[in-house]
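J.: Structure: structure-v3.cif, mmCIF, C-alpha atoms.
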data_run
loop_
_atom_site.label_atom_id
_atom_site.label_comp_id
_atom_site.auth_asym_id
_atom_site.auth_seq_id
_atom_site.Cartn_x
_atom_site.Cartn_y
_atom_site.Cartn_z
CA ASP H 21 9.47 -5.21 13.53
CA GLN H 22 8.68 -6.11 9.92
CA GLN H 23 5.57 -8.26 10.13
CA VAL H 24 5.36 -8.73 6.36
CA LYS H 25 8.57 -9.56 4.52
CA GLN H 26 9.47 -9.80 0.87
CA ASN H 27 12.97 -11.17 1.00
CA SER H 28 13.74 -10.87 -2.70
CA PRO H 29 14.22 -7.23 -3.68
CA SER H 30 14.31 -8.11 -7.37
CA LEU H 31 13.50 -10.89 -9.81
CA SER H 32 14.12 -11.30 -13.54
CA VAL H 33 12.09 -13.68 -15.68
CA GLN H 34 11.93 -14.41 -19.39
CA GLU H 35 8.75 -13.47 -21.22
CA GLY H 36 6.31 -16.37 -21.34
CA ARG H 37 7.74 -18.09 -18.26
CA ILE H 38 6.28 -18.16 -14.77
CA SER H 39 7.04 -15.41 -12.26
CA ILE H 40 6.83 -16.40 -8.59
CA LEU H 41 6.89 -13.66 -6.00
CA ASN H 42 7.08 -14.60 -2.34
CA CYS H 43 5.92 -13.03 0.88
CA ASP H 44 6.33 -14.18 4.48
CA TYR H 45 4.52 -12.92 7.53
CA THR H 46 4.92 -13.31 11.26
CA ASN H 47 1.51 -12.35 12.67
CA SER H 48 -0.78 -15.38 12.75
CA MET H 49 -3.76 -13.04 13.27
CA PHE H 50 -3.59 -11.76 9.68
CA ASP H 51 -6.77 -12.90 7.94
CA TYR H 52 -6.69 -11.07 4.62
CA PHE H 53 -3.88 -10.72 2.13
CA LEU H 54 -3.49 -8.63 -1.01
CA TRP H 55 -1.02 -8.13 -3.83
CA TYR H 56 -0.45 -4.78 -5.49
CA LYS H 57 1.55 -3.75 -8.53
CA LYS H 58 3.25 -0.38 -8.69
CA TYR H 59 4.72 1.48 -11.63
CA PRO H 60 7.02 4.47 -11.07
CA ALA H 61 5.21 7.75 -10.39
CA GLU H 62 1.88 5.95 -9.87
CA GLY H 63 0.01 4.65 -6.86
CA PRO H 64 -0.18 0.89 -6.25
CA THR H 65 -2.82 -0.96 -8.27
CA PHE H 66 -4.73 -3.83 -6.72
CA LEU H 67 -4.06 -7.22 -8.35
CA ILE H 68 -5.55 -10.02 -6.32
CA SER H 69 -6.47 -10.91 -2.76
CA ILE H 70 -7.08 -13.96 -0.62
CA SER H 71 -8.88 -14.59 2.64
CA SER H 72 -7.28 -16.80 5.28
CA ILE H 73 -10.11 -19.32 4.87
CA LYS H 74 -8.79 -20.15 1.39
CA ASP H 75 -5.48 -21.46 0.18
CA LYS H 76 -5.71 -20.39 -3.46
CA ASN H 77 -7.31 -17.68 -5.54
CA GLU H 78 -7.05 -17.22 -9.29
CA ASP H 79 -7.74 -14.29 -11.56
CA GLY H 80 -6.63 -14.73 -15.14
CA ARG H 81 -2.85 -14.96 -15.29
CA PHE H 82 -2.53 -14.27 -11.56
CA THR H 83 -2.81 -16.86 -8.81
CA VAL H 84 -2.16 -16.32 -5.13
CA PHE H 85 -1.34 -19.24 -2.84
CA LEU H 86 -1.57 -19.07 0.94
CA ASN H 87 0.19 -21.51 3.25
CA LYS H 88 -1.00 -20.60 6.74
CA SER H 89 1.13 -23.16 8.56
CA ALA H 90 4.25 -21.71 6.97
CA LYS H 91 2.94 -18.13 7.16
CA HIS H 92 3.79 -17.75 3.50
CA LEU H 93 2.01 -16.52 0.44
CA SER H 94 3.09 -16.37 -3.14
CA LEU H 95 1.93 -14.73 -6.35
CA HIS H 96 2.27 -16.67 -9.59
CA ILE H 97 2.08 -14.88 -12.92
CA VAL H 98 1.70 -17.16 -15.93
CA PRO H 99 2.70 -16.38 -18.61
CA SER H 100 4.81 -13.37 -17.71
CA GLN H 101 4.65 -10.40 -20.05
CA PRO H 102 6.95 -7.37 -20.40
CA GLY H 103 4.09 -5.14 -19.15
CA ASP H 104 4.23 -7.03 -15.86
CA SER H 105 7.55 -5.37 -15.10
CA ALA H 106 6.86 -3.35 -11.94
CA VAL H 107 7.31 -3.44 -8.19
CA TYR H 108 4.99 -5.90 -6.44
CA PHE H 109 3.88 -5.42 -2.84
CA CYS H 110 2.13 -7.91 -0.64
CA ALA H 111 -0.04 -6.62 2.19
CA ALA H 112 -1.88 -8.14 5.13
CA SER H 113 -4.51 -7.09 7.60
CA VAL H 114 -6.31 -8.23 10.74
CA THR H 115 -10.08 -7.82 10.97
CA GLY H 116 -10.98 -4.86 13.14
CA THR H 117 -7.62 -3.08 12.99
CA TYR H 118 -8.39 -0.96 9.88
CA LYS H 119 -4.71 -1.20 9.07
CA TYR H 120 -2.82 -2.86 6.25
CA ILE H 121 0.82 -3.89 6.67
CA PHE H 122 2.89 -3.87 3.50
CA GLY H 123 6.05 -5.66 2.57
CA THR H 124 9.04 -3.80 1.14
CA GLY H 125 8.30 -4.89 -2.42
CA THR H 126 9.91 -7.02 -5.12
CA ARG H 127 10.93 -5.46 -8.41
CA LEU H 128 9.98 -7.80 -11.25
CA LYS H 129 11.63 -7.45 -14.62
CA VAL H 130 10.21 -9.49 -17.49
CA LEU H 131 12.72 -9.82 -20.29
CA ALA H 132 11.48 -9.88 -23.88
CA LYS P 17 -16.40 6.48 -11.08
CA ALA P 18 -13.46 8.80 -10.46
CA GLY P 19 -10.51 7.30 -8.64
CA VAL P 20 -8.66 8.55 -5.59
CA THR P 21 -7.15 11.96 -6.20
CA GLN P 22 -4.28 13.59 -4.37
CA THR P 23 -3.04 17.16 -4.49
CA PRO P 24 -0.51 18.45 -5.03
CA ARG P 25 1.40 15.82 -7.00
CA TYR P 26 4.80 17.32 -6.27
CA LEU P 27 6.03 19.56 -3.52
CA ILE P 28 9.38 21.04 -2.53
CA LYS P 29 9.81 22.40 0.98
CA THR P 30 12.72 23.34 3.22
CA ARG P 31 13.56 21.99 6.64
CA GLY P 32 11.45 23.43 9.41
CA GLN P 33 8.50 24.27 7.21
CA GLN P 34 5.15 22.53 7.39
CA VAL P 35 3.11 20.94 4.63
CA THR P 36 -0.49 19.91 4.07
CA LEU P 37 -1.44 17.20 1.60
CA SER P 38 -4.96 16.50 0.40
CA CYS P 39 -6.79 13.34 -0.60
CA SER P 40 -10.23 12.86 -2.11
CA PRO P 41 -11.46 9.27 -1.89
CA ILE P 42 -13.57 7.39 -4.39
CA SER P 43 -17.17 8.55 -4.19
CA GLY P 44 -18.99 6.56 -1.50
CA HIS P 45 -15.81 5.47 0.26
CA ARG P 46 -15.66 6.58 3.86
CA SER P 47 -12.33 5.15 4.96
CA VAL P 48 -9.09 6.91 4.05
CA SER P 49 -5.62 5.64 4.93
CA TRP P 50 -2.29 7.39 4.51
CA TYR P 51 1.08 5.77 3.83
CA GLN P 52 4.65 6.95 3.46
CA GLN P 53 6.80 5.23 0.88
CA THR P 54 10.57 5.55 0.96
CA PRO P 55 13.14 3.49 -0.97
CA GLY P 56 13.70 0.13 0.69
CA GLN P 57 10.99 0.67 3.30
CA GLY P 58 7.89 -0.23 1.41
CA LEU P 59 4.67 1.48 2.42
CA GLN P 60 4.61 2.55 6.04
CA PHE P 61 1.15 3.06 7.54
CA LEU P 62 0.54 6.53 8.92
CA PHE P 63 -3.13 6.60 9.97
CA GLU P 64 -6.67 5.68 8.98
CA TYR P 65 -9.82 7.77 9.19
CA PHE P 66 -13.46 6.81 9.01
CA SER P 67 -16.35 9.22 9.43
CA GLU P 68 -13.99 11.95 10.63
CA THR P 69 -12.50 9.71 13.35
CA GLN P 70 -8.98 8.32 13.46
CA ARG P 71 -9.30 4.60 14.09
CA ASN P 72 -5.68 3.56 13.92
CA LYS P 73 -2.27 5.13 13.59
CA GLY P 74 1.21 3.92 12.80
CA ASN P 75 4.51 4.55 14.53
CA PHE P 76 5.23 8.05 13.37
CA PRO P 77 6.10 11.09 15.50
CA GLY P 78 3.46 13.62 16.47
CA ARG P 79 4.68 15.93 13.70
CA PHE P 80 2.52 13.82 11.41
CA SER P 81 -1.18 14.47 11.81
CA GLY P 82 -4.32 14.14 9.79
CA ARG P 83 -7.98 14.83 9.68
CA GLN P 84 -11.04 13.89 7.71
CA PHE P 85 -13.94 16.07 6.72
CA SER P 86 -17.64 15.26 6.58
CA ASN P 87 -17.40 14.66 2.82
CA SER P 88 -14.70 12.00 3.52
CA ARG P 89 -11.92 14.12 2.03
CA SER P 90 -8.78 13.90 4.12
CA GLU P 91 -5.71 15.97 4.76
CA MET P 92 -2.42 15.11 6.35
CA ASN P 93 -0.07 17.63 7.82
CA VAL P 94 3.62 17.37 8.59
CA SER P 95 5.07 20.09 10.78
CA THR P 96 8.72 21.02 11.28
CA LEU P 97 9.83 19.14 8.21
CA GLU P 98 13.03 17.09 8.33
CA LEU P 99 15.17 15.86 5.44
CA GLY P 100 14.04 12.30 6.20
CA ASP P 101 10.43 13.25 5.50
CA SER P 102 11.22 13.28 1.78
CA ALA P 103 9.05 10.51 0.42
CA LEU P 104 6.05 9.57 -1.66
CA TYR P 105 2.87 10.01 0.38
CA LEU P 106 0.01 7.82 -0.71
CA CYS P 107 -3.57 7.78 0.33
CA ALA P 108 -5.98 4.92 -0.19
CA SER P 109 -9.72 4.60 0.23
CA THR P 110 -12.18 1.81 0.91
CA PHE P 111 -15.88 1.73 1.61
CA GLY P 112 -15.65 0.78 5.28
CA GLY P 113 -11.97 0.10 5.88
CA GLY P 114 -12.50 -3.35 7.30
CA SER P 115 -10.42 -6.42 6.58
CA GLY P 116 -11.61 -8.06 3.40
CA GLU P 117 -11.92 -4.76 1.58
CA THR P 118 -9.58 -3.68 -1.17
CA GLN P 119 -7.78 -0.40 -0.77
CA TYR P 120 -7.63 1.80 -3.85
CA PHE P 121 -4.69 4.13 -4.04
CA GLY P 122 -4.21 7.60 -5.39
CA PRO P 123 -1.16 8.58 -7.47
CA GLY P 124 0.64 10.01 -4.47
CA THR P 125 2.27 13.29 -3.53
CA ARG P 126 6.04 13.34 -3.87
CA LEU P 127 7.52 15.56 -1.18
CA LEU P 128 11.12 16.72 -1.33
CA VAL P 129 12.55 18.43 1.74
CA LEU P 130 15.70 20.47 1.15
#
Could you write out this file's structure as structure tokens?
T.:
Amino acid sequence: DQQVKQNSPSLSVQEGRISILNCDYTNSMFDYFLWYKKYPAEGPTFLISISSIKDKNEDGRFTVFLNKSAKHLSLHIVPSQPGDSAVYFCAASVTGTYKYIFGTGTRLKVLA
Amino acid sequence: KAGVTQTPRYLIKTRGQQVTLSCSPISGHRSVSWYQQTPGQGLQFLFEYFSETQRNKGNFPGRFSGRQFSNSRSEMNVSTLELGDSALYLCASTFGGGSGETQYFGPGTRLLVL
């Protein structure tokens, strides 16, 4: 049972444009969400997070939006840069479980 | 502050053997989680340790086990290796492991089972 889903395995975007990566979840108990970026042969690197009490969080070029009624979150990267090309994972957790559930990842390719 | 370190980085084993992987968390972090990453499966949660106690575990067979030492370093062991165990094994650390904390990952150990 995949509780966190990233339905787009890959995405290509032109440099300078917006990249939108999507993530859906099924467990309404999730109360904390994170996005990670992963390059080949490296561990995931934390990008940005959001608590379920918020619907938006920004950090520089990265913004995460949370729609609790739709059980959907998205990561916006503006403007996209070639160095953003990587696999992006969303993750979710429930307070007290000490466990993070990850999606299967979306491979972003930013074209110069 | 040094990041999460994992040893070894690469490992080749044959079916039936066992393997032990090591993880040293960020200094001061007491929670260590382990994940298995395979193509198309994302990161699958194996288990989480805090103060030498396993607090949660994922849906993996008993061949997968772990432990944590008093200095928060952690090891995971896989016995009777199968071809399907070939994967990238990642560990991540946080201060307390609770929701709202960010997990910081090590570079991973790539295991190949022949």
J.: In Å to one decimal, how far is CA of Ser38 in chain P from CA of Lys57 in chain H?
T.: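 Separating CA of Lys57 in chain H from CA of Ser38 in chain P is a distance of 23.1 Å.
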J.: Could you list, as a ChimeraX atom specification, the residues of chain H having an atom within 8 Å of chain P when counting all atoms listed in the file?
T.: /H:51-52,54,61-66,71,109,113-125
J.: Apply the PyMOL selection byres ((chain H and resi 74-79) around 10) to the file shown and report the selected residues as a ChimeraX atom specification.
T.: /H:51-52,67-73,80-88,93-97
J.: Export C-alpha atoms of the chosen residues as an mmCIF file, keeping the file's coordinate frame?
T.:
data_model
loop_
_atom_site.group_PDB
_atom_site.id
_atom_site.type_symbol
_atom_site.label_atom_id
_atom_site.label_comp_id
_atom_site.auth_asym_id
_atom_site.auth_seq_id
_atom_site.Cartn_x
_atom_site.Cartn_y
_atom_site.Cartn_z
ATOM 1 C CA ASP H 51 -6.770 -12.900 7.940
ATOM 2 C CA TYR H 52 -6.690 -11.070 4.620
ATOM 3 C CA LEU H 67 -4.060 -7.220 -8.350
ATOM 4 C CA ILE H 68 -5.550 -10.020 -6.320
ATOM 5 C CA SER H 69 -6.470 -10.910 -2.760
ATOM 6 C CA ILE H 70 -7.080 -13.960 -0.620
ATOM 7 C CA SER H 71 -8.880 -14.590 2.640
ATOM 8 C CA SER H 72 -7.280 -16.800 5.280
ATOM 9 C CA ILE H 73 -10.110 -19.320 4.870
ATOM 10 C CA GLY H 80 -6.630 -14.730 -15.140
ATOM 11 C CA ARG H 81 -2.850 -14.960 -15.290
ATOM 12 C CA PHE H 82 -2.530 -14.270 -11.560
ATOM 13 C CA THR H 83 -2.810 -16.860 -8.810
ATOM 14 C CA VAL H 84 -2.160 -16.320 -5.130
ATOM 15 C CA PHE H 85 -1.340 -19.240 -2.840
ATOM 16 C CA LEU H 86 -1.570 -19.070 0.940
ATOM 17 C CA ASN H 87 0.190 -21.510 3.250
ATOM 18 C CA LYS H 88 -1.000 -20.600 6.740
ATOM 19 C CA LEU H 93 2.010 -16.520 0.440
ATOM 20 C CA SER H 94 3.090 -16.370 -3.140
ATOM 21 C CA LEU H 95 1.930 -14.730 -6.350
ATOM 22 C CA HIS H 96 2.270 -16.670 -9.590
ATOM 23 C CA ILE H 97 2.080 -14.880 -12.920
#
J.: Distance CA of Lys58 in chain H-CA of Lys25 in chain H, one decimal place?
T.: 16.9 Å
J.: Figure out the distance between CA of Ser90 in chain P and CA of Arg31 in chain P, please, to one decimal in Å.
T.: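 The value is 23.9 Å.
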J.: Please write out, as lines of an AutoDock Vina configuration file, where the centre of an axis-aligned box around all listed atoms of range 60-65 of chain H lies and how long its edges are, in Å to one decimal, after adding 3 Å on each side.
T.:
center_x = 2.1
center_y = 3.4
center_z = -8.7
size_x = 15.8
size_y = 14.7
size_z = 10.8
J.: Between P:Ser67, P:Thr30, P:Gln52, P:Thr21, single out the one closest to Leu99 in chain P, counting only C-alpha atoms.
T.: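 The closest residue to Leu99 in chain P is P:Thr30.
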J.: Dump as a CSV table (one decimal) with C-alpha atoms, in the coordinates of the input all residues having an atom at most 8 Å from (8.2, 23.1, -2.0), computed in the file's coordinates with only C-alpha atoms.
T.:
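This is the output file point00.csv:
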chain,number,residue,atom,x,y,z
P,26,TYR,CA,4.8,17.3,-6.3
P,27,LEU,CA,6.0,19.6,-3.5
P,28,ILE,CA,9.4,21.0,-2.5
P,29,LYS,CA,9.8,22.4,1.0
P,30,THR,CA,12.7,23.3,3.2
P,127,LEU,CA,7.5,15.6,-1.2
P,128,LEU,CA,11.1,16.7,-1.3
P,129,VAL,CA,12.6,18.4,1.7
